Amino acid sequence: MSVNIMIPWHERMRRRRPALWIGTRLAICLARGLTLLSPYRSEQVMTALRGRARPATAEEADEALRSVLSSSLALNAHKACLPRSIAAALTSRLLGRWPTWCTGVGVTPPFNAHAWVEVDGVPIGESDNGTGFTRTITVASAG
């Protein structure tokens with residue numbers, strides 16, 4: 001499950017660098033387009049975009065996710081996990097790092113799908129530890 005977080009306006013403006021803000025906005029636009037692709041094609045594109053980036057630390061992945069969440073109110077929604085996770089991974093990539101991008105399905109009925117980013121098997125910004133989902137697509141860093 002995703003946790004919706006709202007970061008106060010003054011905290012958003014104080015913490016982010018202008019280049020990160022612009023890069024995050026570009027990542028969000030690209031992520032919205034990538035959500036239209038099939039799962040197979042999404043995995044191919046994310047693998048290509050990953051390049052040879054080094055693995056992200058938990059702090060770097062959290063910074064990217066917070067930047068995405070504070071840049072778009074629409075991505076704070078409960079059903080916006082796919083574009084949110086793609087945008088967080090792409091924002092990390094702009095910083096020269098790559099978290100593990102995952103999609104999965106719930107292990108218990110009813111059917112539910114989810115997408116998230118994680119570092120060392122720990123989901124970033126999620127309310128659970130990822131045990132409620134079976135991974136279907138995983139794009140880890142090349143390094």
# chains A, B, ... in the order shown; residues from 1 in each chain; ligands from 1

$ residues_around --residues "region 107-109 of chain A" --least-positions-apart "4" --cutoff "12 Å" --atoms "only C-alpha atoms" --output "list of chain:residue names"
A:Ala113, A:His114, A:Gly130, A:Thr131, A:Gly132, A:Phe133, A:Thr134, A:Arg135, A:Thr136

$ write_last_selection --atoms "C-alpha atoms" --output "PDB file, in the first residue's frame"
ATOM      1  CA  ALA A 113      -1.511  -4.483  -8.503  1.00  0.00           C
ATOM      2  CA  HIS A 114       1.128  -2.095  -7.243  1.00  0.00           C
ATOM      3  CA  GLY A 130       6.605  -5.283   0.554  1.00  0.00           C
ATOM      4  CA  THR A 131       5.546  -8.696   1.818  1.00  0.00           C
ATOM      5  CA  GLY A 132       1.990  -8.265   0.532  1.00  0.00           C
ATOM      6  CA  PHE A 133       3.057  -8.376  -3.119  1.00  0.00           C
ATOM      7  CA  THR A 134       4.710 -10.846  -5.449  1.00  0.00           C
ATOM      8  CA  ARG A 135       7.090  -9.083  -7.805  1.00  0.00           C
ATOM      9  CA  THR A 136       6.265  -9.454 -11.490  1.00  0.00           C
TER      10      THR A 136
END

$ residues_around --residues "Leu34 (chain A)" --least-positions-apart "3" --cutoff "12 Å" --atoms "only C-alpha atoms" --output "number ranges by chain"
A: 27-31, 37-46, 49, 82-87, 90

$ select_by_dssp --residues "region 46-97 of chain A" --states "alpha helix (DSSP H)" --output "JSON, numbers by chain"
{"A": [46, 47, 48, 49, 50, 58, 59, 60, 61, 62, 63, 64, 65, 66, 67, 68, 69, 70, 71, 81, 82, 83, 84, 85, 86, 87, 88, 89, 90, 91, 92, 93, 94]}

$ residues_around --residues "Thr47 (chain A)" --least-positions-apart "6" --cutoff "12 Å" --atoms "only C-alpha atoms" --output "number ranges by chain"
A: 40-41, 53, 86, 89-90, 93, 98-102, 137-142

$ write_last_selection --atoms "N, CA and C atoms" --output "PDB file, in the first residue's frame"
ATOM      1  N   TYR A  40       5.579  -5.529 -20.828  1.00  0.00           N
ATOM      2  CA  TYR A  40       6.807  -5.977 -21.477  1.00  0.00           C
ATOM      3  C   TYR A  40       7.616  -4.787 -21.991  1.00  0.00           C
ATOM      4  N   ARG A  41       6.948  -3.871 -22.688  1.00  0.00           N
ATOM      5  CA  ARG A  41       7.621  -2.700 -23.243  1.00  0.00           C
ATOM      6  C   ARG A  41       8.092  -1.767 -22.120  1.00  0.00           C
ATOM      7  N   ALA A  53      23.749   3.168 -14.411  1.00  0.00           N
ATOM      8  CA  ALA A  53      23.699   3.956 -13.177  1.00  0.00           C
ATOM      9  C   ALA A  53      24.056   3.099 -11.972  1.00  0.00           C
ATOM     10  N   ILE A  86       7.585   5.227 -11.468  1.00  0.00           N
ATOM     11  CA  ILE A  86       8.406   5.499 -12.652  1.00  0.00           C
ATOM     12  C   ILE A  86       9.077   6.865 -12.519  1.00  0.00           C
ATOM     13  N   ALA A  89      11.935   6.697 -10.027  1.00  0.00           N
ATOM     14  CA  ALA A  89      13.104   6.024 -10.594  1.00  0.00           C
ATOM     15  C   ALA A  89      13.823   6.936 -11.586  1.00  0.00           C
ATOM     16  N   LEU A  90      13.066   7.649 -12.416  1.00  0.00           N
ATOM     17  CA  LEU A  90      13.687   8.537 -13.399  1.00  0.00           C
ATOM     18  C   LEU A  90      14.350   9.735 -12.729  1.00  0.00           C
ATOM     19  N   ARG A  93      17.522   8.596 -11.507  1.00  0.00           N
ATOM     20  CA  ARG A  93      18.438   8.444 -12.642  1.00  0.00           C
ATOM     21  C   ARG A  93      19.052   9.777 -13.028  1.00  0.00           C
ATOM     22  N   TRP A  98      20.158   4.679  -9.442  1.00  0.00           N
ATOM     23  CA  TRP A  98      18.976   3.921  -9.843  1.00  0.00           C
ATOM     24  C   TRP A  98      18.520   3.039  -8.688  1.00  0.00           C
ATOM     25  N   PRO A  99      17.300   3.248  -8.171  1.00  0.00           N
ATOM     26  CA  PRO A  99      16.752   2.301  -7.203  1.00  0.00           C
ATOM     27  C   PRO A  99      16.181   1.108  -7.963  1.00  0.00           C
ATOM     28  N   THR A 100      15.798   0.081  -7.277  1.00  0.00           N
ATOM     29  CA  THR A 100      15.148  -1.039  -7.940  1.00  0.00           C
ATOM     30  C   THR A 100      13.691  -0.663  -8.171  1.00  0.00           C
ATOM     31  N   TRP A 101      13.267  -0.694  -9.423  1.00  0.00           N
ATOM     32  CA  TRP A 101      11.878  -0.391  -9.777  1.00  0.00           C
ATOM     33  C   TRP A 101      11.124  -1.705  -9.862  1.00  0.00           C
ATOM     34  N   CYS A 102      10.009  -1.802  -9.156  1.00  0.00           N
ATOM     35  CA  CYS A 102       9.263  -3.060  -9.087  1.00  0.00           C
ATOM     36  C   CYS A 102       7.787  -2.840  -9.366  1.00  0.00           C
ATOM     37  N   ILE A 137       7.680  -7.599 -12.205  1.00  0.00           N
ATOM     38  CA  ILE A 137       8.736  -6.946 -12.980  1.00  0.00           C
ATOM     39  C   ILE A 137       9.676  -6.273 -11.998  1.00  0.00           C
ATOM     40  N   THR A 138      10.958  -6.491 -12.193  1.00  0.00           N
ATOM     41  CA  THR A 138      11.974  -5.852 -11.362  1.00  0.00           C
ATOM     42  C   THR A 138      13.085  -5.349 -12.269  1.00  0.00           C
ATOM     43  N   VAL A 139      13.407  -4.066 -12.144  1.00  0.00           N
ATOM     44  CA  VAL A 139      14.513  -3.484 -12.901  1.00  0.00           C
ATOM     45  C   VAL A 139      15.488  -2.901 -11.875  1.00  0.00           C
ATOM     46  N   ALA A 140      16.538  -3.657 -11.595  1.00  0.00           N
ATOM     47  CA  ALA A 140      17.533  -3.242 -10.618  1.00  0.00           C
ATOM     48  C   ALA A 140      18.663  -2.489 -11.315  1.00  0.00           C
ATOM     49  N   SER A 141      19.515  -1.863 -10.527  1.00  0.00           N
ATOM     50  CA  SER A 141      20.634  -1.130 -11.111  1.00  0.00           C
ATOM     51  C   SER A 141      21.617  -2.105 -11.744  1.00  0.00           C
ATOM     52  N   ALA A 142      22.341  -1.630 -12.717  1.00  0.00           N
ATOM     53  CA  ALA A 142      23.293  -2.482 -13.426  1.00  0.00           C
ATOM     54  C   ALA A 142      24.562  -2.677 -12.627  1.00  0.00           C
TER      55      ALA A 142
END

$ atom_distance --atom1 "CA of Ala77 (chain A)" --atom2 "CA of Val122 (chain A)"
21.4 Å

$ atom_distance --atom1 "CA of Pro18 (chain A)" --atom2 "CA of Cys81 (chain A)"
24.9 Å

$ atom_distance --atom1 "CA of Pro55 (chain A)" --atom2 "CA of Arg97 (chain A)"
5.5 Å

$ closest_residue --among "A:Ala64, A:Ala58, A:Val105, A:Leu75" --to "Ser92 (chain A)" --atoms "only C-alpha atoms"
A:Ala64
